[in-house]
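Worksheet: one structure, shown below.
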Amino acid sequence: MASRTSRLRDFALVSVIAVVLDQVTKAWASSVLVAGRAVALIPGIMDLDLVYNTGAAFSMGEGARWVFVVIALVVIGICLWLVATVDDLPRVLVVSLACVAGGGAGNLIDRVVSGKVCDFLATSFIDFPIFNVADMFVTCGVAVAFVSFLVIDGRRHEGEGQ
């Protein structure tokens, strides 16, 4: 298994990449796109449509900025704590937790700096909330962590039966 130092290094690297990609794309979207004027990115599949969200997913909790700041800090702290303390944590879980933390940090920066989150990626083939790169990191990180945990737990149970 990886050492604590290498786990923390990998966690920091992936988290920083997530934050940088998120903040760069949001800065670009805010400077180029006009709110309310969607632009086709991939016709029929994905549009660029600038909106600012003061709530969380699906605009739930509008105006609860500081609640979301605290939640983000707690989630980031838990991810970091797990990576720092669980000695047999597989690399895939380190990376997925880093994705969750980095994505959470990206949206946290928006909430603290401007009080709202910049969203700009809109699916045009289904009715789905507009999202951003940080949201993609969080969603993919949670999904990979969940599947990885199921696989790892399944292997652990197989080993107990032998």
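Here, A, B, ... name the chains of the structure tokens in the order displayed, residue numbers run from 1 inside each chain, and ligands are numbered from 1 in the same displayed order.
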**Q.** Long-range neighbours of Ala84 in chain A as a PyMOL selection string, 8 Å cut-off, only C-alpha atoms, 6 positions minimum in chain
**A.** chain A and resi 4+7-8
(Q) Can you pull out the residues contacting Val74 in chain A? Cut-off 12 Å, using only C-alpha atoms, and skip same-chain residues under 5 positions away; I want them as a list in words. (A)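 Skipping anything fewer than 5 positions along the chain leaves Val67, Phe68, Val69, Cys79, Leu80, Trp81, Val100, Ala101, Gly104, Ala105 and Leu108 of chain A.
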Keeping N, CA and C atoms, export the residues of the selection given above as a PDB file, in the first residue's frame.
```
ATOM      1  N   VAL A  67     -24.291  27.901   5.016  1.00  0.00           N
ATOM      2  CA  VAL A  67     -24.552  26.485   5.301  1.00  0.00           C
ATOM      3  C   VAL A  67     -23.751  25.635   4.316  1.00  0.00           C
ATOM      4  N   PHE A  68     -23.780  26.024   3.031  1.00  0.00           N
ATOM      5  CA  PHE A  68     -23.040  25.275   2.016  1.00  0.00           C
ATOM      6  C   PHE A  68     -21.529  25.421   2.184  1.00  0.00           C
ATOM      7  N   VAL A  69     -21.086  26.569   2.673  1.00  0.00           N
ATOM      8  CA  VAL A  69     -19.660  26.756   2.958  1.00  0.00           C
ATOM      9  C   VAL A  69     -19.231  25.775   4.046  1.00  0.00           C
ATOM     10  N   CYS A  79     -12.624  14.012   3.648  1.00  0.00           N
ATOM     11  CA  CYS A  79     -11.824  13.398   2.577  1.00  0.00           C
ATOM     12  C   CYS A  79     -10.344  13.404   2.944  1.00  0.00           C
ATOM     13  N   LEU A  80      -9.860  14.545   3.392  1.00  0.00           N
ATOM     14  CA  LEU A  80      -8.451  14.664   3.776  1.00  0.00           C
ATOM     15  C   LEU A  80      -8.123  13.755   4.954  1.00  0.00           C
ATOM     16  N   TRP A  81      -9.003  13.720   5.940  1.00  0.00           N
ATOM     17  CA  TRP A  81      -8.791  12.870   7.115  1.00  0.00           C
ATOM     18  C   TRP A  81      -8.702  11.393   6.702  1.00  0.00           C
ATOM     19  N   VAL A 100     -13.636  14.683  -5.201  1.00  0.00           N
ATOM     20  CA  VAL A 100     -14.728  15.243  -4.401  1.00  0.00           C
ATOM     21  C   VAL A 100     -14.252  16.508  -3.681  1.00  0.00           C
ATOM     22  N   ALA A 101     -13.090  16.430  -3.053  1.00  0.00           N
ATOM     23  CA  ALA A 101     -12.562  17.582  -2.311  1.00  0.00           C
ATOM     24  C   ALA A 101     -12.229  18.742  -3.245  1.00  0.00           C
ATOM     25  N   GLY A 104     -15.441  20.227  -4.571  1.00  0.00           N
ATOM     26  CA  GLY A 104     -16.065  20.975  -3.474  1.00  0.00           C
ATOM     27  C   GLY A 104     -15.344  22.290  -3.219  1.00  0.00           C
ATOM     28  N   ALA A 105     -14.023  22.268  -3.295  1.00  0.00           N
ATOM     29  CA  ALA A 105     -13.238  23.487  -3.079  1.00  0.00           C
ATOM     30  C   ALA A 105     -13.487  24.510  -4.193  1.00  0.00           C
ATOM     31  N   LEU A 108     -16.702  26.044  -3.427  1.00  0.00           N
ATOM     32  CA  LEU A 108     -16.523  26.786  -2.180  1.00  0.00           C
ATOM     33  C   LEU A 108     -15.889  28.149  -2.448  1.00  0.00           C
TER      34      LEU A 108
END
```
Q: Just give me the gap between CA of Leu150 in chain A and CA of Ala134 in chain A in Å, one decimal is fine.
A: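 These two atoms are separated by 24.4 Å.
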Q: May I have the residues within 12 Å of Arg9 in chain A as a list in words, using only C-alpha atoms and disregarding those fewer than 2 positions away in the same chain?
A: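 Selected residues are Ala2, Ser3, Arg4, Thr5, Ser6, Arg7, Phe11, Ala12, Leu13, Val14, Ser15, Val16, Leu80, Val83, Ala84, Arg91, Val94, Val95 and Ala98 of chain A.
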(Q) Env of Trp28 in chain A: 12 Å cut, atoms = only C-alpha atoms, seq-sep filter 2 positions within chain, self excluded. Answer as a list in words. (A)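 Result of the neighbour search: Leu21, Asp22, Gln23, Val24, Thr25, Lys26, Ser30, Ser31, Val32, Leu33, Val34, Leu48, Leu50, Cys118, Asp119, Phe120 and Asn132 of chain A.
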